[in-house]
file my_file_23.cif (mmCIF, C-alpha atoms)
data_protein
#
loop_
_atom_site.label_atom_id
_atom_site.label_comp_id
_atom_site.auth_asym_id
_atom_site.auth_seq_id
_atom_site.Cartn_x
_atom_site.Cartn_y
_atom_site.Cartn_z
CA MET A 157 11.52 -67.87 -9.90
CA SER A 158 7.72 -67.75 -10.19
CA TYR A 159 5.43 -64.85 -9.37
CA HIS A 160 2.06 -65.54 -7.79
CA PHE A 161 -0.55 -63.04 -8.92
CA GLU A 162 -3.06 -61.86 -6.35
CA PHE A 163 -5.80 -59.32 -6.98
CA GLY A 164 -8.24 -60.05 -4.16
CA TRP A 165 -6.41 -57.84 -1.69
CA LEU A 166 -7.09 -54.83 -3.93
CA LEU A 167 -10.67 -54.83 -2.67
CA GLN A 168 -9.57 -53.30 0.61
CA TYR A 169 -8.25 -50.31 -1.36
CA TYR A 170 -11.41 -49.72 -3.40
CA PRO A 171 -12.10 -46.31 -1.70
CA GLU A 172 -8.75 -44.99 -2.96
CA ILE A 173 -9.38 -46.39 -6.44
CA ILE A 174 -12.89 -44.92 -6.64
CA LYS A 175 -11.64 -41.56 -5.40
CA GLY A 176 -8.87 -41.62 -8.01
CA VAL A 177 -11.33 -42.43 -10.79
CA LEU A 178 -13.70 -39.64 -9.71
CA ILE A 179 -10.91 -37.07 -9.62
CA THR A 180 -9.68 -38.20 -13.04
CA LEU A 181 -13.24 -37.79 -14.36
CA GLU A 182 -13.42 -34.35 -12.75
CA LEU A 183 -10.15 -33.35 -14.40
CA ILE A 184 -11.30 -34.38 -17.86
CA ALA A 185 -14.77 -32.83 -17.42
CA ILE A 186 -13.41 -29.44 -16.36
CA GLY A 187 -10.41 -29.61 -18.65
CA GLY A 188 -12.52 -30.73 -21.60
CA VAL A 189 -15.26 -28.11 -21.35
CA LEU A 190 -13.06 -25.15 -20.46
CA GLY A 191 -10.18 -26.28 -22.68
CA ILE A 192 -12.36 -26.57 -25.78
CA SER A 193 -14.03 -23.25 -24.94
CA LEU A 194 -10.60 -21.62 -24.71
CA GLY A 195 -9.62 -23.34 -27.96
CA ILE A 196 -12.68 -21.95 -29.74
CA PHE A 197 -11.87 -18.43 -28.58
CA CYS A 198 -8.21 -18.73 -29.59
CA ALA A 199 -9.16 -20.21 -32.97
CA TRP A 200 -11.48 -17.28 -33.59
CA VAL A 201 -8.71 -14.84 -32.70
CA ARG A 202 -6.17 -16.53 -34.97
CA ALA A 203 -8.57 -16.84 -37.90
CA LEU A 204 -10.88 -13.83 -37.66
CA GLY A 205 -10.02 -11.86 -34.53
CA PRO A 206 -8.37 -8.48 -34.00
CA VAL A 207 -4.89 -8.11 -35.44
CA TRP A 208 -3.33 -6.88 -32.19
CA LEU A 209 -4.44 -10.02 -30.31
CA LYS A 210 -3.24 -12.58 -32.87
CA PRO A 211 0.47 -12.50 -31.86
CA VAL A 212 -0.46 -13.01 -28.20
CA VAL A 213 -2.57 -16.08 -28.95
CA ALA A 214 0.00 -17.39 -31.42
CA ALA A 215 2.74 -17.11 -28.78
CA TYR A 216 0.57 -18.94 -26.23
CA VAL A 217 -0.23 -21.75 -28.65
CA GLU A 218 3.39 -22.24 -29.72
CA LEU A 219 4.64 -22.13 -26.14
CA ILE A 220 2.21 -24.79 -24.93
CA ARG A 221 2.50 -27.05 -27.99
CA ASN A 222 6.30 -27.06 -27.82
CA THR A 223 6.84 -27.67 -24.11
CA PRO A 224 6.12 -30.80 -22.01
CA PHE A 225 2.85 -30.95 -20.13
CA LEU A 226 4.74 -31.93 -16.96
CA ILE A 227 6.81 -28.73 -17.12
CA GLN A 228 3.64 -26.67 -17.59
CA LEU A 229 2.15 -28.39 -14.55
CA PHE A 230 5.25 -27.75 -12.45
CA PHE A 231 5.34 -24.11 -13.52
CA ILE A 232 1.74 -23.58 -12.44
CA PHE A 233 2.03 -25.45 -9.15
CA PHE A 234 5.58 -24.57 -8.09
CA GLY A 235 6.27 -21.41 -10.09
CA LEU A 236 3.14 -19.30 -9.61
CA PRO A 237 3.48 -19.26 -5.78
CA SER A 238 6.67 -17.24 -6.32
CA LEU A 239 4.43 -14.57 -7.83
CA GLY A 240 2.03 -14.78 -4.90
CA LEU A 241 -0.53 -17.11 -6.51
CA GLN A 242 -0.89 -20.24 -4.37
CA LEU A 243 -3.01 -23.00 -5.87
CA SER A 244 -4.13 -26.33 -4.47
CA GLU A 245 -2.99 -29.52 -6.16
CA LEU A 246 -6.34 -30.11 -7.83
CA THR A 247 -6.77 -26.51 -8.93
CA ALA A 248 -3.29 -26.47 -10.45
CA ALA A 249 -3.99 -29.75 -12.25
CA ASN A 250 -7.28 -28.42 -13.65
CA LEU A 251 -5.66 -25.18 -14.79
CA ALA A 252 -2.79 -27.03 -16.47
CA MET A 253 -5.20 -29.28 -18.37
CA VAL A 254 -7.33 -26.33 -19.52
CA VAL A 255 -4.28 -24.41 -20.73
CA ASN A 256 -2.84 -27.46 -22.49
CA LEU A 257 -6.02 -28.58 -24.21
CA GLY A 258 -6.86 -24.99 -25.13
CA ALA A 259 -3.68 -24.66 -27.20
CA TYR A 260 -4.03 -27.98 -29.00
CA SER A 261 -7.75 -27.61 -29.66
CA CYS A 262 -7.12 -24.10 -31.00
CA GLU A 263 -5.10 -25.45 -33.90
CA ILE A 264 -7.55 -28.26 -34.58
CA ILE A 265 -10.53 -25.88 -34.63
CA ARG A 266 -8.62 -23.33 -36.70
CA ALA A 267 -8.08 -26.01 -39.34
CA GLY A 268 -11.85 -26.48 -39.50
CA ILE A 269 -12.39 -22.73 -39.84
CA GLN A 270 -9.83 -22.48 -42.64
CA ALA A 271 -11.67 -25.25 -44.51
CA THR A 272 -14.88 -23.19 -44.48
CA PRO A 273 -15.90 -22.06 -47.99
CA LYS A 274 -15.49 -18.31 -48.52
CA GLY A 275 -19.11 -18.14 -49.60
CA GLN A 276 -20.23 -18.67 -46.01
CA PHE A 277 -18.26 -15.63 -44.87
CA GLU A 278 -19.67 -13.60 -47.73
CA ALA A 279 -23.17 -14.73 -46.82
CA GLY A 280 -22.66 -13.46 -43.27
CA GLU A 281 -21.40 -10.11 -44.56
CA SER A 282 -24.37 -9.81 -46.90
CA LEU A 283 -26.65 -10.12 -43.86
CA ALA A 284 -24.78 -7.24 -42.16
CA MET A 285 -23.30 -9.56 -39.53
CA THR A 286 -20.13 -8.63 -37.72
CA ARG A 287 -17.13 -10.96 -38.06
CA PHE A 288 -17.86 -12.42 -34.64
CA GLU A 289 -21.55 -12.93 -35.46
CA THR A 290 -20.60 -14.62 -38.72
CA PHE A 291 -18.23 -16.88 -36.84
CA ARG A 292 -20.79 -17.74 -34.17
CA HIS A 293 -23.86 -18.28 -36.34
CA VAL A 294 -22.45 -19.38 -39.69
CA VAL A 295 -18.93 -20.79 -39.33
CA LEU A 296 -18.52 -22.38 -35.89
CA VAL A 297 -20.87 -25.37 -36.05
CA PRO A 298 -19.82 -26.60 -39.53
CA SER A 299 -16.18 -26.14 -38.52
CA LEU A 300 -16.64 -28.18 -35.37
CA GLN A 301 -18.44 -30.85 -37.36
CA ARG A 302 -15.44 -31.24 -39.67
CA ILE A 303 -12.89 -31.63 -36.90
CA TRP A 304 -14.94 -33.34 -34.18
CA PRO A 305 -13.23 -36.75 -34.53
CA ALA A 306 -9.77 -35.15 -34.27
CA LEU A 307 -10.89 -32.97 -31.37
CA SER A 308 -12.35 -36.00 -29.59
CA SER A 309 -9.06 -37.85 -29.98
CA GLN A 310 -7.20 -34.89 -28.50
CA VAL A 311 -9.50 -34.85 -25.46
CA VAL A 312 -8.79 -38.56 -24.91
CA ILE A 313 -5.04 -37.92 -25.21
CA VAL A 314 -5.25 -35.16 -22.61
CA MET A 315 -7.23 -37.45 -20.30
CA LEU A 316 -4.50 -40.08 -20.52
CA GLY A 317 -1.84 -37.41 -20.04
CA SER A 318 -3.54 -36.34 -16.82
CA ALA A 319 -1.74 -39.23 -15.13
CA VAL A 320 1.23 -36.94 -14.53
CA VAL A 321 -0.76 -34.75 -12.11
CA SER A 322 0.06 -37.35 -9.48
CA GLN A 323 3.55 -35.77 -9.48
CA ILE A 324 2.12 -32.81 -7.56
CA ALA A 325 0.11 -35.09 -5.26
CA ALA A 326 -3.23 -34.56 -7.00
CA GLU A 327 -5.11 -37.68 -5.93
CA ASP A 328 -6.07 -39.04 -9.35
CA LEU A 329 -6.10 -42.66 -10.49
CA THR A 330 -2.32 -42.83 -10.91
CA PHE A 331 -1.84 -41.38 -7.43
CA ALA A 332 -4.09 -44.15 -6.09
CA ALA A 333 -2.07 -46.82 -7.93
CA ASN A 334 1.19 -45.39 -6.55
CA PHE A 335 -0.30 -45.32 -3.05
CA ILE A 336 -1.44 -48.95 -3.25
CA GLN A 337 1.91 -50.09 -4.65
CA SER A 338 3.80 -48.30 -1.86
CA ARG A 339 1.68 -50.04 0.79
CA THR A 340 1.58 -53.55 -0.66
CA PHE A 341 4.67 -53.77 -2.91
CA ARG A 342 2.43 -55.49 -5.48
CA ALA A 343 3.37 -53.20 -8.37
CA PHE A 344 2.16 -55.44 -11.19
CA GLU A 345 -1.34 -55.87 -9.81
CA ALA A 346 -1.69 -52.20 -8.85
CA TYR A 347 -0.63 -50.90 -12.24
CA ILE A 348 -2.44 -53.52 -14.34
CA VAL A 349 -5.68 -52.52 -12.59
CA SER A 350 -5.03 -48.81 -13.13
CA THR A 351 -4.10 -49.47 -16.77
CA SER A 352 -7.34 -51.40 -17.29
CA ILE A 353 -9.34 -48.55 -15.78
CA TYR A 354 -7.62 -45.97 -17.98
CA LEU A 355 -8.38 -48.14 -21.02
CA ALA A 356 -12.04 -48.37 -20.03
CA LEU A 357 -12.22 -44.61 -19.40
CA ALA A 358 -10.64 -43.85 -22.78
CA ILE A 359 -13.11 -46.09 -24.62
CA LEU A 360 -16.05 -44.68 -22.63
CA LEU A 361 -14.93 -41.08 -23.20
CA ARG A 362 -14.61 -41.64 -26.93
CA GLN A 363 -18.14 -43.09 -27.03
CA VAL A 364 -19.54 -40.18 -24.99
CA LEU A 365 -17.87 -37.64 -27.28
CA GLY A 366 -19.27 -39.50 -30.27
CA LEU A 367 -22.78 -39.26 -28.81
CA ILE A 368 -22.29 -35.57 -28.06
CA GLY A 369 -21.25 -35.05 -31.67
CA TRP A 370 -24.30 -37.00 -32.84
CA PHE A 371 -26.62 -34.68 -30.89
CA ILE A 372 -24.81 -31.48 -31.86
CA PHE A 373 -24.53 -32.41 -35.53
CA PRO A 374 -27.74 -34.38 -36.19
CA ARG A 375 -27.26 -34.41 -39.95
CA ARG A 376 -24.21 -36.66 -39.66
CA ALA A 377 -23.16 -38.96 -36.83
CA VAL A 378 -19.64 -38.25 -35.57
CA ARG A 379 -17.49 -41.20 -34.49
#
call {"tool": "encode", "arguments": {"input": "my_file_23.cif", "output": "structure tokens"}}
result
Amino acid sequence: MSYHFEFGWLLQYYPEIIKGVLITLELIAIGGVLGISLGIFCAWVRALGPVWLKPVVAAYVELIRNTPFLIQLFFIFFGLPSLGLQLSELTAANLAMVVNLGAYSCEIIRAGIQATPKGQFEAGESLAMTRFETFRHVVLVPSLQRIWPALSSQVVIVMLGSAVVSQIAAEDLTFAANFIQSRTFRAFEAYIVSTSIYLALAILLRQVLGLIGWFIFPRRAVR
């Protein structure tokens, strides 16, 4: 039994594919910026923040890092409405990605903070800076420079993991591939195209993050 590959018919579904790619890019843009911002805040709390807040952040980080992303997504989309908080598919997907990346990036950034020489903290104290001011002006940038490659890899992993948001009907790239496959029954072609696009997006995202690191940390290119 031979299988005849055909890809030309995919052209009629290019609007769905483009829409899926744009939504996937939106998810990673929002999830990346807000997730890393949340991670920075949580890392500050765990390393230098108020004692009463550390257990709260620690519990959040352990909960997210030790449960599946799909379950987190389902909890936000299907569970929160039971508490009176109804979210759209895209909003729930964005929130899930922010929460997930925030926990993972927290631990990565905290590792960079812990690698900071004590002399830098002492220098901030000698200038009468508060702990937060020392963190912001003295510690944060060198810490991010140390862990930028690992943080970039985590952002790429979260982007690839975003494929599961199609399970709540968020119209990302995987949703588009599922839609095309259900209409044409050409599963191989639909998924090989979506796989190729994800591969291209992952490579592009890694390059973009490398350029961002190069501009943020001009003394040393980050790759």
call {"tool": "resolve_selection", "arguments": {"input": "my_file_23.cif", "expression": "the PyMOL selection byres ((chain A and resi 254) around 9)", "output": "PyMOL selection string"}}
result
chain A and resi 186-192+194+249-253+255-259
call {"tool": "atom_distance", "arguments": {"input": "my_file_23.cif", "atom1": "CA of Leu360 (chain A)", "atom2": "CA of Glu345 (chain A)"}}
result
22.5 Å
call {"tool": "axis_aligned_box", "arguments": {"input": "my_file_23.cif", "around": "region 247-259 of chain A", "padding_each_side": "5 Å", "output": "AutoDock Vina command-line options"}}
result
--center_x -5.1 --center_y -27.1 --center_z -18.1 --size_x 14.5 --size_y 15.3 --size_z 28.3
call {"tool": "resolve_selection", "arguments": {"input": "my_file_23.cif", "expression": "the PyMOL selection byres ((chain A and resi 293-297) around 7)", "output": "PDB file with C-alpha atoms, in the coordinates of the input"}}
result
ATOM      1  CA  ILE A 269     -12.390 -22.730 -39.840  1.00  0.00           C
ATOM      2  CA  THR A 272     -14.880 -23.190 -44.480  1.00  0.00           C
ATOM      3  CA  GLN A 276     -20.230 -18.670 -46.010  1.00  0.00           C
ATOM      4  CA  GLY A 280     -22.660 -13.460 -43.270  1.00  0.00           C
ATOM      5  CA  GLU A 289     -21.550 -12.930 -35.460  1.00  0.00           C
ATOM      6  CA  THR A 290     -20.600 -14.620 -38.720  1.00  0.00           C
ATOM      7  CA  PHE A 291     -18.230 -16.880 -36.840  1.00  0.00           C
ATOM      8  CA  ARG A 292     -20.790 -17.740 -34.170  1.00  0.00           C
ATOM      9  CA  PRO A 298     -19.820 -26.600 -39.530  1.00  0.00           C
ATOM     10  CA  SER A 299     -16.180 -26.140 -38.520  1.00  0.00           C
ATOM     11  CA  LEU A 300     -16.640 -28.180 -35.370  1.00  0.00           C
ATOM     12  CA  GLN A 301     -18.440 -30.850 -37.360  1.00  0.00           C
TER      13      GLN A 301
END
call {"tool": "closest_residue", "arguments": {"input": "my_file_23.cif", "among": "A:Ala279, A:Leu357, A:Arg342, A:Phe288", "to": "Pro206 (chain A)", "atoms": "only C-alpha atoms"}}
result
A:Phe288
call {"tool": "resolve_selection", "arguments": {"input": "my_file_23.cif", "expression": "the PyMOL selection byres ((chain A and resi 362) around 12)", "output": "list in words"}}
result
Trp304, Pro305, Ala306, Leu307, Ser308, Ser309, Gln310, Val311, Val312, Ile313, Met315, Leu355, Ala356, Leu357, Ala358, Ile359, Leu360, Leu361, Gln363, Val364, Leu365, Gly366, Leu367, Ile368, Gly369, Val378 and Arg379 of chain A
call {"tool": "closest_atom_pairs", "arguments": {"input": "my_file_23.cif", "of": "region 263-353 of chain A", "to": "region 162-169 of chain A", "cutoff": "12 Å", "atoms": "only C-alpha atoms", "output": "tab-separated table"}}
result
residue	atom	partner	partner_atom	distance
A:Ala332	CA	A:Tyr169	CA	8.8
A:Ala333	CA	A:Tyr169	CA	9.7
A:Asn334	CA	A:Tyr169	CA	11.8
A:Phe335	CA	A:Tyr169	CA	9.5
A:Ile336	CA	A:Tyr169	CA	7.2
A:Gln337	CA	A:Leu166	CA	10.2
A:Arg339	CA	A:Tyr169	CA	10.2
A:Thr340	CA	A:Trp165	CA	9.1
A:Phe341	CA	A:Glu162	CA	11.7
A:Arg342	CA	A:Glu162	CA	8.5
A:Ala343	CA	A:Glu162	CA	11.0
A:Phe344	CA	A:Glu162	CA	9.6
A:Glu345	CA	A:Phe163	CA	6.3
A:Ala346	CA	A:Leu166	CA	7.8
A:Tyr347	CA	A:Phe163	CA	11.2
A:Ile348	CA	A:Phe163	CA	10.0
A:Val349	CA	A:Phe163	CA	8.8
A:Ser350	CA	A:Leu166	CA	11.2
call {"tool": "atom_distance", "arguments": {"input": "my_file_23.cif", "atom1": "CA of Trp370 (chain A)", "atom2": "CA of Ile303 (chain A)"}}
result
13.2 Å
call {"tool": "atom_distance", "arguments": {"input": "my_file_23.cif", "atom1": "CA of Cys262 (chain A)", "atom2": "CA of Ile196 (chain A)"}}
result
6.1 Å
call {"tool": "closest_residue", "arguments": {"input": "my_file_23.cif", "among": "A:Thr351, A:Asn222, A:Gln323, A:Ser282", "to": "Phe234 (chain A)", "atoms": "all atoms listed in the file"}}
result
A:Gln323
call {"tool": "residues_around", "arguments": {"input": "my_file_23.cif", "residues": "Val177 (chain A)", "least_positions_apart": "4", "cutoff": "7 Å", "atoms": "all atoms listed in the file", "output": "PyMOL selection string"}}
result
chain A and resi 173+181+328-329
call {"tool": "closest_residue", "arguments": {"input": "my_file_23.cif", "among": "A:Gln270, A:Thr330, A:Ser352, A:Thr286", "to": "Glu172 (chain A)", "atoms": "only C-alpha atoms"}}
result
A:Thr330
call {"tool": "residues_near_point", "arguments": {"input": "my_file_23.cif", "point": "(-9.7, -17.4, -33.3)", "cutoff": "10 Å", "atoms": "all atoms listed in the file", "output": "count of residues only"}}
result
24
call {"tool": "closest_residue", "arguments": {"input": "my_file_23.cif", "among": "A:Gly240, A:Ile227, A:Gly268, A:Glu218", "to": "Val321 (chain A)", "atoms": "only C-alpha atoms"}}
result
A:Ile227
call {"tool": "build_atoms", "arguments": {"input": "my_file_23.cif", "residues": "region 198-221 of chain A", "atoms": "N, CA, C and O atoms", "output": "mmCIF file, keeping the file's coordinate frame"}}
result
data_model
loop_
_atom_site.group_PDB
_atom_site.id
_atom_site.type_symbol
_atom_site.label_atom_id
_atom_site.label_comp_id
_atom_site.auth_asym_id
_atom_site.auth_seq_id
_atom_site.Cartn_x
_atom_site.Cartn_y
_atom_site.Cartn_z
ATOM 1 N N CYS A 198 -9.521 -18.949 -28.981
ATOM 2 C CA CYS A 198 -8.210 -18.730 -29.590
ATOM 3 C C CYS A 198 -8.243 -18.963 -31.096
ATOM 4 O O CYS A 198 -7.579 -18.250 -31.858
ATOM 5 N N ALA A 199 -9.027 -19.956 -31.530
ATOM 6 C CA ALA A 199 -9.160 -20.210 -32.970
ATOM 7 C C ALA A 199 -9.823 -19.038 -33.660
ATOM 8 O O ALA A 199 -9.436 -18.656 -34.780
ATOM 9 N N TRP A 200 -10.823 -18.455 -33.020
ATOM 10 C CA TRP A 200 -11.480 -17.280 -33.590
ATOM 11 C C TRP A 200 -10.499 -16.119 -33.709
ATOM 12 O O TRP A 200 -10.445 -15.436 -34.744
ATOM 13 N N VAL A 201 -9.689 -15.926 -32.660
ATOM 14 C CA VAL A 201 -8.710 -14.840 -32.700
ATOM 15 C C VAL A 201 -7.718 -15.051 -33.843
ATOM 16 O O VAL A 201 -7.437 -14.135 -34.624
ATOM 17 N N ARG A 202 -7.191 -16.273 -33.953
ATOM 18 C CA ARG A 202 -6.170 -16.530 -34.970
ATOM 19 C C ARG A 202 -6.724 -16.468 -36.385
ATOM 20 O O ARG A 202 -6.016 -16.093 -37.318
ATOM 21 N N ALA A 203 -7.991 -16.809 -36.553
ATOM 22 C CA ALA A 203 -8.570 -16.840 -37.900
ATOM 23 C C ALA A 203 -9.267 -15.533 -38.270
ATOM 24 O O ALA A 203 -9.118 -15.049 -39.400
ATOM 25 N N LEU A 204 -10.027 -14.977 -37.329
ATOM 26 C CA LEU A 204 -10.880 -13.830 -37.660
ATOM 27 C C LEU A 204 -10.797 -12.684 -36.661
ATOM 28 O O LEU A 204 -11.446 -11.655 -36.867
ATOM 29 N N GLY A 205 -10.033 -12.844 -35.607
ATOM 30 C CA GLY A 205 -10.020 -11.860 -34.530
ATOM 31 C C GLY A 205 -9.207 -10.620 -34.824
ATOM 32 O O GLY A 205 -8.630 -10.462 -35.901
ATOM 33 N N PRO A 206 -9.130 -9.723 -33.834
ATOM 34 C CA PRO A 206 -8.370 -8.480 -34.000
ATOM 35 C C PRO A 206 -6.889 -8.731 -34.210
ATOM 36 O O PRO A 206 -6.313 -9.640 -33.617
ATOM 37 N N VAL A 207 -6.286 -7.906 -35.049
ATOM 38 C CA VAL A 207 -4.890 -8.110 -35.440
ATOM 39 C C VAL A 207 -3.964 -8.021 -34.231
ATOM 40 O O VAL A 207 -3.011 -8.797 -34.111
ATOM 41 N N TRP A 208 -4.236 -7.096 -33.314
ATOM 42 C CA TRP A 208 -3.330 -6.880 -32.190
ATOM 43 C C TRP A 208 -3.291 -8.072 -31.232
ATOM 44 O O TRP A 208 -2.307 -8.281 -30.520
ATOM 45 N N LEU A 209 -4.365 -8.896 -31.230
ATOM 46 C CA LEU A 209 -4.440 -10.020 -30.310
ATOM 47 C C LEU A 209 -3.844 -11.309 -30.904
ATOM 48 O O LEU A 209 -3.492 -12.235 -30.160
ATOM 49 N N LYS A 210 -3.720 -11.354 -32.220
ATOM 50 C CA LYS A 210 -3.240 -12.580 -32.870
ATOM 51 C C LYS A 210 -1.839 -12.996 -32.420
ATOM 52 O O LYS A 210 -1.605 -14.185 -32.158
ATOM 53 N N PRO A 211 -0.868 -12.073 -32.310
ATOM 54 C CA PRO A 211 0.470 -12.500 -31.860
ATOM 55 C C PRO A 211 0.477 -13.060 -30.444
ATOM 56 O O PRO A 211 1.242 -13.973 -30.134
ATOM 57 N N VAL A 212 -0.381 -12.534 -29.584
ATOM 58 C CA VAL A 212 -0.460 -13.010 -28.200
ATOM 59 C C VAL A 212 -0.943 -14.461 -28.177
ATOM 60 O O VAL A 212 -0.360 -15.325 -27.513
ATOM 61 N N VAL A 213 -2.021 -14.718 -28.900
ATOM 62 C CA VAL A 213 -2.570 -16.080 -28.950
ATOM 63 C C VAL A 213 -1.600 -17.025 -29.649
ATOM 64 O O VAL A 213 -1.405 -18.167 -29.210
ATOM 65 N N ALA A 214 -0.962 -16.555 -30.712
ATOM 66 C CA ALA A 214 0.000 -17.390 -31.420
ATOM 67 C C ALA A 214 1.166 -17.783 -30.516
ATOM 68 O O ALA A 214 1.621 -18.936 -30.527
ATOM 69 N N ALA A 215 1.644 -16.826 -29.703
ATOM 70 C CA ALA A 215 2.740 -17.110 -28.780
ATOM 71 C C ALA A 215 2.318 -18.136 -27.728
ATOM 72 O O ALA A 215 3.078 -19.055 -27.391
ATOM 73 N N TYR A 216 1.098 -17.982 -27.210
ATOM 74 C CA TYR A 216 0.570 -18.940 -26.230
ATOM 75 C C TYR A 216 0.482 -20.341 -26.814
ATOM 76 O O TYR A 216 0.926 -21.321 -26.192
ATOM 77 N N VAL A 217 -0.055 -20.444 -28.023
ATOM 78 C CA VAL A 217 -0.230 -21.750 -28.650
ATOM 79 C C VAL A 217 1.126 -22.412 -28.905
ATOM 80 O O VAL A 217 1.319 -23.600 -28.609
ATOM 81 N N GLU A 218 2.073 -21.666 -29.436
ATOM 82 C CA GLU A 218 3.390 -22.240 -29.720
ATOM 83 C C GLU A 218 4.122 -22.626 -28.446
ATOM 84 O O GLU A 218 4.807 -23.652 -28.400
ATOM 85 N N LEU A 219 3.985 -21.821 -27.411
ATOM 86 C CA LEU A 219 4.640 -22.130 -26.140
ATOM 87 C C LEU A 219 4.115 -23.439 -25.556
ATOM 88 O O LEU A 219 4.900 -24.312 -25.148
ATOM 89 N N ILE A 220 2.801 -23.601 -25.534
ATOM 90 C CA ILE A 220 2.210 -24.790 -24.930
ATOM 91 C C ILE A 220 2.456 -26.025 -25.789
ATOM 92 O O ILE A 220 2.784 -27.109 -25.272
ATOM 93 N N ARG A 221 2.349 -25.892 -27.100
ATOM 94 C CA ARG A 221 2.500 -27.050 -27.990
ATOM 95 C C ARG A 221 3.941 -27.514 -28.112
ATOM 96 O O ARG A 221 4.197 -28.609 -28.600
#
